[in-house]
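Just target-v7.cif here, mmCIF, C-alpha atoms:
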data_run
loop_
_atom_site.group_PDB
_atom_site.id
_atom_site.type_symbol
_atom_site.label_atom_id
_atom_site.label_comp_id
_atom_site.auth_asym_id
_atom_site.auth_seq_id
_atom_site.Cartn_x
_atom_site.Cartn_y
_atom_site.Cartn_z
ATOM 1 C CA MET A 1 -3.496 12.489 -6.813
ATOM 2 C CA LYS A 2 -1.388 11.859 -9.917
ATOM 3 C CA ASP A 3 1.511 10.696 -7.722
ATOM 4 C CA ILE A 4 -0.757 8.210 -5.908
ATOM 5 C CA LEU A 5 -2.134 6.908 -9.224
ATOM 6 C CA GLU A 6 1.360 6.325 -10.528
ATOM 7 C CA LYS A 7 2.341 4.446 -7.365
ATOM 8 C CA ILE A 8 -0.792 2.279 -7.637
ATOM 9 C CA HIS A 9 -0.006 1.655 -11.302
ATOM 10 C CA LYS A 10 3.529 0.532 -10.469
ATOM 11 C CA VAL A 11 2.256 -1.895 -7.804
ATOM 12 C CA GLN A 12 -0.399 -3.354 -10.087
ATOM 13 C CA LEU A 13 2.176 -3.973 -12.824
ATOM 14 C CA GLU A 14 4.288 -5.902 -10.320
ATOM 15 C CA SER A 15 1.306 -8.119 -9.408
ATOM 16 C CA PHE A 16 0.783 -9.239 -13.037
ATOM 17 C CA CYS A 17 0.142 -12.978 -13.374
ATOM 18 C CA LYS A 18 -1.636 -15.317 -15.738
ATOM 19 C CA LEU A 19 -5.232 -16.080 -14.777
ATOM 20 C CA GLU A 20 -4.395 -19.786 -14.702
ATOM 21 C CA THR A 21 -1.896 -19.087 -11.900
ATOM 22 C CA PHE A 22 -4.264 -16.721 -10.086
ATOM 23 C CA ARG A 23 -6.984 -19.388 -9.975
ATOM 24 C CA HIS A 24 -4.750 -21.949 -8.212
ATOM 25 C CA LYS A 25 -5.472 -22.457 -4.531
ATOM 26 C CA ASP A 26 -1.857 -21.604 -3.632
ATOM 27 C CA TYR A 27 -2.411 -18.065 -4.910
ATOM 28 C CA LEU A 28 -4.710 -17.456 -1.916
ATOM 29 C CA LYS A 29 -1.506 -16.886 0.064
ATOM 30 C CA ILE A 30 -0.699 -13.938 -2.208
ATOM 31 C CA LEU A 31 -4.207 -12.439 -2.538
ATOM 32 C CA PRO A 32 -6.497 -13.773 0.184
ATOM 33 C CA THR A 33 -10.267 -13.611 0.064
ATOM 34 C CA ASN A 34 -12.160 -10.603 1.428
ATOM 35 C CA HIS A 35 -9.567 -7.997 0.487
ATOM 36 C CA ARG A 36 -10.485 -4.775 -1.301
ATOM 37 C CA GLY A 37 -8.877 -3.104 -4.276
ATOM 38 C CA LEU A 38 -8.573 -2.383 -7.960
ATOM 39 C CA TYR A 39 -7.923 -4.918 -10.712
ATOM 40 C CA TRP A 40 -6.911 -5.017 -14.379
ATOM 41 C CA LEU A 41 -7.565 -7.797 -16.879
ATOM 42 C CA TRP A 42 -5.142 -8.372 -19.723
ATOM 43 C CA THR A 43 -5.256 -10.517 -22.849
ATOM 44 C CA SER A 44 -2.813 -11.716 -25.474
ATOM 45 C CA LEU A 45 -5.672 -11.991 -27.995
ATOM 46 C CA THR A 46 -5.764 -9.415 -30.769
ATOM 47 C CA LEU A 47 -8.749 -7.093 -30.954
ATOM 48 C CA ASP A 48 -9.932 -8.955 -34.055
ATOM 49 C CA GLU A 49 -9.731 -12.274 -32.190
ATOM 50 C CA LEU A 50 -11.678 -10.798 -29.279
ATOM 51 C CA GLN A 51 -14.333 -9.452 -31.596
ATOM 52 C CA MET A 52 -14.745 -12.584 -33.731
ATOM 53 C CA ASN A 53 -14.468 -15.278 -31.046
ATOM 54 C CA THR A 54 -16.936 -13.841 -28.543
ATOM 55 C CA LEU A 55 -20.315 -15.477 -28.307
ATOM 56 C CA PRO A 56 -23.360 -13.193 -28.132
ATOM 57 C CA ASN A 57 -24.140 -12.279 -24.562
ATOM 58 C CA ILE A 58 -27.362 -13.713 -23.202
ATOM 59 C CA ARG A 59 -27.209 -12.164 -19.748
ATOM 60 C CA LYS A 60 -25.624 -8.999 -18.403
ATOM 61 C CA GLU A 61 -22.129 -9.924 -19.640
ATOM 62 C CA VAL A 62 -19.924 -7.259 -21.135
ATOM 63 C CA PRO A 63 -20.784 -7.019 -24.870
ATOM 64 C CA ILE A 64 -17.207 -7.696 -25.974
ATOM 65 C CA SER A 65 -17.698 -7.833 -29.754
ATOM 66 C CA ARG A 66 -19.780 -4.667 -29.851
ATOM 67 C CA LEU A 67 -17.369 -2.700 -27.644
ATOM 68 C CA VAL A 68 -14.333 -3.737 -29.707
ATOM 69 C CA GLU A 69 -16.114 -2.892 -32.960
ATOM 70 C CA HIS A 70 -17.124 0.582 -31.755
ATOM 71 C CA ARG A 71 -13.913 1.493 -29.948
ATOM 72 C CA LYS A 72 -10.892 -0.105 -31.601
ATOM 73 C CA LEU A 73 -9.979 2.961 -33.667
ATOM 74 C CA LEU A 74 -10.500 5.549 -30.906
ATOM 75 C CA ASN A 75 -7.529 7.544 -29.630
ATOM 76 C CA ASN A 76 -7.976 7.293 -25.862
ATOM 77 C CA ILE A 77 -8.128 3.512 -25.527
ATOM 78 C CA CYS A 78 -5.552 2.131 -23.075
ATOM 79 C CA ARG A 79 -2.518 0.688 -24.881
ATOM 80 C CA ILE A 80 -0.497 -0.560 -21.891
ATOM 81 C CA GLU A 81 1.307 -3.829 -22.662
ATOM 82 C CA LYS A 82 3.279 -6.330 -20.624
ATOM 83 C CA ASN A 83 4.654 -9.718 -21.721
ATOM 84 C CA ASP A 84 2.627 -9.643 -24.976
ATOM 85 C CA TYR A 85 -0.592 -8.881 -23.070
ATOM 86 C CA VAL A 86 -2.605 -5.655 -23.235
ATOM 87 C CA VAL A 87 -4.943 -4.180 -20.602
ATOM 88 C CA VAL A 88 -8.544 -4.569 -21.774
ATOM 89 C CA TYR A 89 -10.562 -4.072 -18.576
ATOM 90 C CA ASN A 90 -10.275 -2.578 -15.110
ATOM 91 C CA GLY A 91 -12.564 -2.482 -12.123
ATOM 92 C CA ILE A 92 -12.895 -2.466 -8.368
ATOM 93 C CA GLY A 93 -13.572 -5.335 -6.050
ATOM 94 C CA GLY A 94 -14.420 -5.298 -2.411
ATOM 95 C CA TYR A 95 -17.069 -4.443 0.033
ATOM 96 C CA HIS A 96 -18.414 -1.481 1.921
ATOM 97 C CA LYS A 97 -20.143 -3.182 4.843
ATOM 98 C CA SER A 98 -20.060 -6.950 4.348
ATOM 99 C CA LYS A 99 -16.927 -8.990 3.677
ATOM 100 C CA SER A 100 -18.796 -11.449 1.464
ATOM 101 C CA SER A 101 -17.405 -10.094 -1.799
ATOM 102 C CA GLY A 102 -13.777 -9.120 -2.054
ATOM 103 C CA LEU A 103 -11.226 -8.316 -4.727
ATOM 104 C CA ARG A 104 -10.274 -11.949 -5.332
ATOM 105 C CA GLU A 105 -13.936 -12.947 -5.568
ATOM 106 C CA ARG A 106 -14.688 -10.182 -8.063
ATOM 107 C CA ILE A 107 -11.796 -11.216 -10.308
ATOM 108 C CA LYS A 108 -13.065 -14.805 -10.225
ATOM 109 C CA GLN A 109 -16.507 -13.544 -11.317
ATOM 110 C CA GLU A 110 -14.883 -12.008 -14.404
ATOM 111 C CA VAL A 111 -13.563 -15.448 -15.323
ATOM 112 C CA LYS A 112 -16.845 -17.261 -14.860
ATOM 113 C CA GLY A 113 -19.860 -14.967 -14.798
ATOM 114 C CA ASN A 114 -22.362 -16.581 -12.517
ATOM 115 C CA GLY A 115 -25.825 -15.162 -12.447
ATOM 116 C CA GLU A 116 -28.474 -13.432 -14.492
ATOM 117 C CA THR A 117 -27.474 -9.958 -13.355
ATOM 118 C CA VAL A 118 -23.679 -10.263 -13.090
ATOM 119 C CA GLY A 119 -22.019 -7.905 -15.576
ATOM 120 C CA THR A 120 -18.706 -9.646 -16.243
ATOM 121 C CA LEU A 121 -16.446 -10.577 -19.140
ATOM 122 C CA ASN A 122 -17.316 -14.252 -18.559
ATOM 123 C CA ILE A 123 -13.897 -15.210 -19.955
ATOM 124 C CA LEU A 124 -14.379 -18.990 -19.815
ATOM 125 C CA LYS A 125 -17.476 -18.749 -21.993
ATOM 126 C CA ASN A 126 -15.603 -17.017 -24.802
ATOM 127 C CA SER A 127 -11.937 -17.770 -24.622
ATOM 128 C CA ASP A 128 -8.996 -19.923 -23.668
ATOM 129 C CA ILE A 129 -8.005 -18.801 -20.167
ATOM 130 C CA SER A 130 -4.319 -19.186 -21.068
ATOM 131 C CA LYS A 131 -4.727 -16.026 -23.161
ATOM 132 C CA TRP A 132 -5.628 -13.923 -20.094
ATOM 133 C CA ALA A 133 -3.800 -12.358 -17.151
ATOM 134 C CA VAL A 134 -4.670 -10.190 -14.173
ATOM 135 C CA SER A 135 -3.021 -7.535 -12.044
ATOM 136 C CA TYR A 136 -4.340 -5.741 -8.999
ATOM 137 C CA PHE A 137 -3.769 -3.237 -6.230
ATOM 138 C CA ASP A 138 -4.755 -4.564 -2.802
ATOM 139 C CA PHE A 139 -5.927 -1.818 -0.416
ATOM 140 C CA ASP A 140 -5.573 -4.226 2.527
ATOM 141 C CA ALA A 141 -2.029 -5.464 1.853
ATOM 142 C CA PRO A 142 0.459 -4.216 4.464
ATOM 143 C CA GLU A 143 3.019 -3.447 1.741
ATOM 144 C CA ASN A 144 0.590 -0.884 0.254
ATOM 145 C CA ALA A 145 -0.164 0.890 3.549
ATOM 146 C CA GLU A 146 2.067 3.906 2.788
ATOM 147 C CA ILE A 147 0.260 4.568 -0.491
ATOM 148 C CA ILE A 148 -3.150 4.208 1.167
ATOM 149 C CA GLU A 149 -2.119 6.569 3.980
ATOM 150 C CA GLU A 150 -1.480 9.281 1.379
ATOM 151 C CA LEU A 151 -5.244 9.375 0.770
ATOM 152 C CA ASN A 152 -5.711 10.804 4.299
ATOM 153 C CA SER A 153 -8.961 8.971 4.931
ATOM 154 C CA ALA A 154 -10.398 6.847 7.710
ATOM 155 C CA SER A 155 -12.231 4.827 5.000
ATOM 156 C CA PRO A 156 -9.924 4.988 1.964
ATOM 157 C CA TYR A 157 -11.545 2.169 -0.024
ATOM 158 C CA LYS A 158 -15.073 3.423 0.504
ATOM 159 C CA GLU A 159 -14.110 7.029 -0.161
ATOM 160 C CA TYR A 160 -11.612 6.644 -3.025
ATOM 161 C CA ALA A 161 -11.836 3.278 -4.866
ATOM 162 C CA LYS A 162 -14.368 4.388 -7.494
ATOM 163 C CA ASP A 163 -12.532 7.682 -8.029
ATOM 164 C CA LEU A 164 -9.150 5.960 -8.372
ATOM 165 C CA GLU A 165 -10.619 3.503 -10.891
ATOM 166 C CA MET A 166 -11.920 6.390 -13.023
ATOM 167 C CA LEU A 167 -8.842 8.602 -12.552
ATOM 168 C CA TRP A 168 -6.573 5.737 -13.626
ATOM 169 C CA ARG A 169 -8.559 5.561 -16.881
ATOM 170 C CA LEU A 170 -8.214 9.306 -17.419
ATOM 171 C CA HIS A 171 -4.468 9.111 -16.848
ATOM 172 C CA TYR A 172 -3.617 5.880 -18.735
ATOM 173 C CA GLY A 173 -6.519 5.493 -21.186
ATOM 174 C CA THR A 174 -9.774 3.585 -20.905
ATOM 175 C CA PRO A 175 -9.445 -0.178 -21.351
ATOM 176 C CA ILE A 176 -11.411 -1.161 -24.449
ATOM 177 C CA LEU A 177 -13.856 -3.476 -22.633
ATOM 178 C CA THR A 178 -14.632 -1.166 -19.715
ATOM 179 C CA ARG A 179 -18.239 -0.056 -19.953
ATOM 180 C CA HIS A 180 -18.182 3.175 -17.917
#
Encoded form (structure tokens):
Amino acid sequence: MKDILEKIHKVQLESFCKLETFRHKDYLKILPTNHRGLYWLWTSLTLDELQMNTLPNIRKEVPISRLVEHRKLLNNICRIEKNDYVVVYNGIGGYHKSKSSGLRERIKQEVKGNGETVGTLNILKNSDISKWAVSYFDFDAPENAEIIEELNSASPYKEYAKDLEMLWRLHYGTPILTRH
């Protein structure tokens, strides 16, 4: 499994792009709707900036200030950096039965939390989007088929996505804003 995790990690690093770019309509050609996969959110903000600039959450949003305050000095926090950005969150996006909520849609929810029960970072509420980036691993992309085949499963996303999300954290460190 470690080999698969490292291959997924390499692919996700290659997909790195600023959230401003990701949100453009043209990016649909790169990551279409209704795909399934794993994603990572990155920021160029310092931990102090994250902690001080975050408004109190009034819904189910991730409690950014509290998590940073409690975790910033811990040893096993993810410290992966790229282009002056650091990984602060990772998750899964997709569907099990219905195609109504895919990877792209889940990432967009992180940018603009929409709903009383949506547990997201709600980036636009708290921050300048130019300070954020995203990367992902698309289970449905043809170029990732060889990696997915190594899972030896008829339903690789359903069977392995949650495990791969957690195993990535064990291998690379837990992003500071990830709740579980």
Contact residues around Tyr39 (chain A) with all atoms listed in the file at 8 Å, ignoring same-chain residues under 5 positions, as an NGL selection string: :A and (12 or 90-93 or 103 or 107 or 134-137)
Please produce an output containing C-alpha atoms for each residue in the selection, written as a CSV table (one decimal), keeping the file's coordinate frame.
chain,number,residue,atom,x,y,z
A,12,GLN,CA,-0.4,-3.4,-10.1
A,90,ASN,CA,-10.3,-2.6,-15.1
A,91,GLY,CA,-12.6,-2.5,-12.1
A,92,ILE,CA,-12.9,-2.5,-8.4
A,93,GLY,CA,-13.6,-5.3,-6.0
A,103,LEU,CA,-11.2,-8.3,-4.7
A,107,ILE,CA,-11.8,-11.2,-10.3
A,134,VAL,CA,-4.7,-10.2,-14.2
A,135,SER,CA,-3.0,-7.5,-12.0
A,136,TYR,CA,-4.3,-5.7,-9.0
A,137,PHE,CA,-3.8,-3.2,-6.2
Apply the PyMOL selection byres ((chain A and resi 41) around 10) to the file shown and report the selected residues as a CSV table (one decimal) with C-alpha atoms, in the coordinates of the input.
chain,number,residue,atom,x,y,z
A,16,PHE,CA,0.8,-9.2,-13.0
A,17,CYS,CA,0.1,-13.0,-13.4
A,18,LYS,CA,-1.6,-15.3,-15.7
A,19,LEU,CA,-5.2,-16.1,-14.8
A,39,TYR,CA,-7.9,-4.9,-10.7
A,40,TRP,CA,-6.9,-5.0,-14.4
A,42,TRP,CA,-5.1,-8.4,-19.7
A,43,THR,CA,-5.3,-10.5,-22.8
A,85,TYR,CA,-0.6,-8.9,-23.1
A,86,VAL,CA,-2.6,-5.7,-23.2
A,87,VAL,CA,-4.9,-4.2,-20.6
A,88,VAL,CA,-8.5,-4.6,-21.8
A,89,TYR,CA,-10.6,-4.1,-18.6
A,90,ASN,CA,-10.3,-2.6,-15.1
A,91,GLY,CA,-12.6,-2.5,-12.1
A,107,ILE,CA,-11.8,-11.2,-10.3
A,110,GLU,CA,-14.9,-12.0,-14.4
A,111,VAL,CA,-13.6,-15.4,-15.3
A,121,LEU,CA,-16.4,-10.6,-19.1
A,132,TRP,CA,-5.6,-13.9,-20.1
A,133,ALA,CA,-3.8,-12.4,-17.2
A,134,VAL,CA,-4.7,-10.2,-14.2
A,135,SER,CA,-3.0,-7.5,-12.0
A,136,TYR,CA,-4.3,-5.7,-9.0
A,175,PRO,CA,-9.4,-0.2,-21.4
A,177,LEU,CA,-13.9,-3.5,-22.6
Specify as a short mmCIF file (atom, residue, chain, number, x, y, z; two decimals) with C-alpha atoms, in the frame of the given file each residue included when the PyMOL selection byres ((chain A and resi 139-152) around 12) is applied to this file.
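And here's expr.cif as it stands now:
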data_model
loop_
_atom_site.label_atom_id
_atom_site.label_comp_id
_atom_site.auth_asym_id
_atom_site.auth_seq_id
_atom_site.Cartn_x
_atom_site.Cartn_y
_atom_site.Cartn_z
CA MET A 1 -3.50 12.49 -6.81
CA LYS A 2 -1.39 11.86 -9.92
CA ASP A 3 1.51 10.70 -7.72
CA ILE A 4 -0.76 8.21 -5.91
CA LEU A 5 -2.13 6.91 -9.22
CA GLU A 6 1.36 6.32 -10.53
CA LYS A 7 2.34 4.45 -7.36
CA ILE A 8 -0.79 2.28 -7.64
CA HIS A 9 -0.01 1.66 -11.30
CA LYS A 10 3.53 0.53 -10.47
CA VAL A 11 2.26 -1.90 -7.80
CA GLN A 12 -0.40 -3.35 -10.09
CA LYS A 29 -1.51 -16.89 0.06
CA ILE A 30 -0.70 -13.94 -2.21
CA LEU A 31 -4.21 -12.44 -2.54
CA PRO A 32 -6.50 -13.77 0.18
CA THR A 33 -10.27 -13.61 0.06
CA ASN A 34 -12.16 -10.60 1.43
CA HIS A 35 -9.57 -8.00 0.49
CA ARG A 36 -10.48 -4.78 -1.30
CA GLY A 37 -8.88 -3.10 -4.28
CA LEU A 38 -8.57 -2.38 -7.96
CA TYR A 39 -7.92 -4.92 -10.71
CA ILE A 92 -12.90 -2.47 -8.37
CA GLY A 93 -13.57 -5.34 -6.05
CA GLY A 94 -14.42 -5.30 -2.41
CA TYR A 95 -17.07 -4.44 0.03
CA GLY A 102 -13.78 -9.12 -2.05
CA LEU A 103 -11.23 -8.32 -4.73
CA ARG A 104 -10.27 -11.95 -5.33
CA TYR A 136 -4.34 -5.74 -9.00
CA PHE A 137 -3.77 -3.24 -6.23
CA ASP A 138 -4.76 -4.56 -2.80
CA SER A 153 -8.96 8.97 4.93
CA ALA A 154 -10.40 6.85 7.71
CA SER A 155 -12.23 4.83 5.00
CA PRO A 156 -9.92 4.99 1.96
CA TYR A 157 -11.54 2.17 -0.02
CA LYS A 158 -15.07 3.42 0.50
CA GLU A 159 -14.11 7.03 -0.16
CA TYR A 160 -11.61 6.64 -3.02
CA ALA A 161 -11.84 3.28 -4.87
CA ASP A 163 -12.53 7.68 -8.03
CA LEU A 164 -9.15 5.96 -8.37
#
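Among the candidates A:Ile129, A:Leu170, A:Cys78, A:Ile64, the residue lying nearest to Gln51 (chain A) is A:Ile64 (atoms considered: all atoms listed in the file).
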Residues returned when the PyMOL selection byres ((chain A and resi 55) around 12) runs on this file, as a ChimeraX atom specification: /A:49-54,56-59,61-66,121-127
Export region 4-36 of chain A from the structure block above, keeping N, CA and C atoms, as an mmCIF file, in the first residue's frame.
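Contents of part-v3.cif, freshly written:
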data_model
loop_
_atom_site.group_PDB
_atom_site.id
_atom_site.type_symbol
_atom_site.label_atom_id
_atom_site.label_comp_id
_atom_site.auth_asym_id
_atom_site.auth_seq_id
_atom_site.Cartn_x
_atom_site.Cartn_y
_atom_site.Cartn_z
ATOM 1 N N ILE A 4 1.550 2.457 -3.503
ATOM 2 C CA ILE A 4 0.377 3.098 -4.110
ATOM 3 C C ILE A 4 0.211 4.514 -3.562
ATOM 4 N N LEU A 5 0.363 4.671 -2.251
ATOM 5 C CA LEU A 5 0.262 6.006 -1.636
ATOM 6 C C LEU A 5 1.280 6.971 -2.234
ATOM 7 N N GLU A 6 2.480 6.497 -2.425
ATOM 8 C CA GLU A 6 3.525 7.359 -2.965
ATOM 9 C C GLU A 6 3.256 7.730 -4.425
ATOM 10 N N LYS A 7 2.661 6.820 -5.175
ATOM 11 C CA LYS A 7 2.279 7.134 -6.556
ATOM 12 C C LYS A 7 1.143 8.166 -6.572
ATOM 13 N N ILE A 8 0.159 7.983 -5.698
ATOM 14 C CA ILE A 8 -0.940 8.950 -5.591
ATOM 15 C C ILE A 8 -0.395 10.314 -5.191
ATOM 16 N N HIS A 9 0.523 10.323 -4.245
ATOM 17 C CA HIS A 9 1.121 11.582 -3.785
ATOM 18 C C HIS A 9 1.831 12.298 -4.941
ATOM 19 N N LYS A 10 2.565 11.575 -5.723
ATOM 20 C CA LYS A 10 3.282 12.161 -6.858
ATOM 21 C C LYS A 10 2.294 12.787 -7.850
ATOM 22 N N VAL A 11 1.212 12.071 -8.155
ATOM 23 C CA VAL A 11 0.205 12.585 -9.087
ATOM 24 C C VAL A 11 -0.462 13.841 -8.529
ATOM 25 N N GLN A 12 -0.801 13.811 -7.238
ATOM 26 C CA GLN A 12 -1.480 14.984 -6.679
ATOM 27 C C GLN A 12 -0.560 16.203 -6.683
ATOM 28 N N LEU A 13 0.723 16.015 -6.461
ATOM 29 C CA LEU A 13 1.649 17.150 -6.518
ATOM 30 C C LEU A 13 1.694 17.758 -7.918
ATOM 31 N N GLU A 14 1.583 16.913 -8.927
ATOM 32 C CA GLU A 14 1.612 17.385 -10.312
ATOM 33 C C GLU A 14 0.337 18.146 -10.683
ATOM 34 N N SER A 15 -0.755 17.898 -9.961
ATOM 35 C CA SER A 15 -2.025 18.571 -10.272
ATOM 36 C C SER A 15 -2.163 19.926 -9.572
ATOM 37 N N PHE A 16 -1.195 20.303 -8.760
ATOM 38 C CA PHE A 16 -1.233 21.540 -7.980
ATOM 39 C C PHE A 16 -1.585 22.749 -8.853
ATOM 40 N N CYS A 17 -2.580 23.517 -8.405
ATOM 41 C CA CYS A 17 -2.908 24.776 -9.085
ATOM 42 C C CYS A 17 -3.576 25.719 -8.091
ATOM 43 N N LYS A 18 -3.497 26.994 -8.380
ATOM 44 C CA LYS A 18 -4.139 27.977 -7.516
ATOM 45 C C LYS A 18 -5.654 27.805 -7.613
ATOM 46 N N LEU A 19 -6.345 28.051 -6.515
ATOM 47 C CA LEU A 19 -7.800 27.919 -6.504
ATOM 48 C C LEU A 19 -8.467 28.868 -7.495
ATOM 49 N N GLU A 20 -7.877 30.020 -7.713
ATOM 50 C CA GLU A 20 -8.427 30.949 -8.711
ATOM 51 C C GLU A 20 -8.480 30.289 -10.088
ATOM 52 N N THR A 21 -7.429 29.583 -10.455
ATOM 53 C CA THR A 21 -7.365 28.871 -11.734
ATOM 54 C C THR A 21 -8.362 27.721 -11.754
ATOM 55 N N PHE A 22 -8.403 26.954 -10.682
ATOM 56 C CA PHE A 22 -9.307 25.806 -10.581
ATOM 57 C C PHE A 22 -10.768 26.218 -10.772
ATOM 58 N N ARG A 23 -11.133 27.387 -10.286
ATOM 59 C CA ARG A 23 -12.528 27.829 -10.339
ATOM 60 C C ARG A 23 -12.954 28.334 -11.719
ATOM 61 N N HIS A 24 -12.008 28.567 -12.628
ATOM 62 C CA HIS A 24 -12.354 29.009 -13.977
ATOM 63 C C HIS A 24 -13.054 27.878 -14.735
ATOM 64 N N LYS A 25 -13.992 28.268 -15.561
ATOM 65 C CA LYS A 25 -14.762 27.299 -16.346
ATOM 66 C C LYS A 25 -13.864 26.417 -17.223
ATOM 67 N N ASP A 26 -12.788 26.986 -17.747
ATOM 68 C CA ASP A 26 -11.880 26.223 -18.611
ATOM 69 C C ASP A 26 -11.248 25.037 -17.890
ATOM 70 N N TYR A 27 -11.153 25.118 -16.573
ATOM 71 C CA TYR A 27 -10.542 24.027 -15.810
ATOM 72 C C TYR A 27 -11.416 22.770 -15.793
ATOM 73 N N LEU A 28 -12.673 22.905 -16.190
ATOM 74 C CA LEU A 28 -13.561 21.733 -16.308
ATOM 75 C C LEU A 28 -12.999 20.706 -17.291
ATOM 76 N N LYS A 29 -12.210 21.171 -18.251
ATOM 77 C CA LYS A 29 -11.596 20.257 -19.219
ATOM 78 C C LYS A 29 -10.542 19.389 -18.543
ATOM 79 N N ILE A 30 -9.947 19.898 -17.468
ATOM 80 C CA ILE A 30 -8.897 19.164 -16.763
ATOM 81 C C ILE A 30 -9.500 18.259 -15.685
ATOM 82 N N LEU A 31 -10.418 18.799 -14.877
ATOM 83 C CA LEU A 31 -11.130 17.990 -13.882
ATOM 84 C C LEU A 31 -12.623 18.218 -14.078
ATOM 85 N N PRO A 32 -13.261 17.314 -14.834
ATOM 86 C CA PRO A 32 -14.693 17.446 -15.081
ATOM 87 C C PRO A 32 -15.526 17.207 -13.818
ATOM 88 N N THR A 33 -16.792 17.526 -13.913
ATOM 89 C CA THR A 33 -17.698 17.240 -12.804
ATOM 90 C C THR A 33 -17.915 15.727 -12.706
ATOM 91 N N ASN A 34 -18.428 15.315 -11.574
ATOM 92 C CA ASN A 34 -18.824 13.922 -11.315
ATOM 93 C C ASN A 34 -17.693 12.905 -11.336
ATOM 94 N N HIS A 35 -16.470 13.351 -11.116
ATOM 95 C CA HIS A 35 -15.361 12.418 -10.939
ATOM 96 C C HIS A 35 -15.188 12.162 -9.446
ATOM 97 N N ARG A 36 -14.419 11.137 -9.121
ATOM 98 C CA ARG A 36 -14.209 10.760 -7.723
ATOM 99 C C ARG A 36 -12.728 10.795 -7.417
#
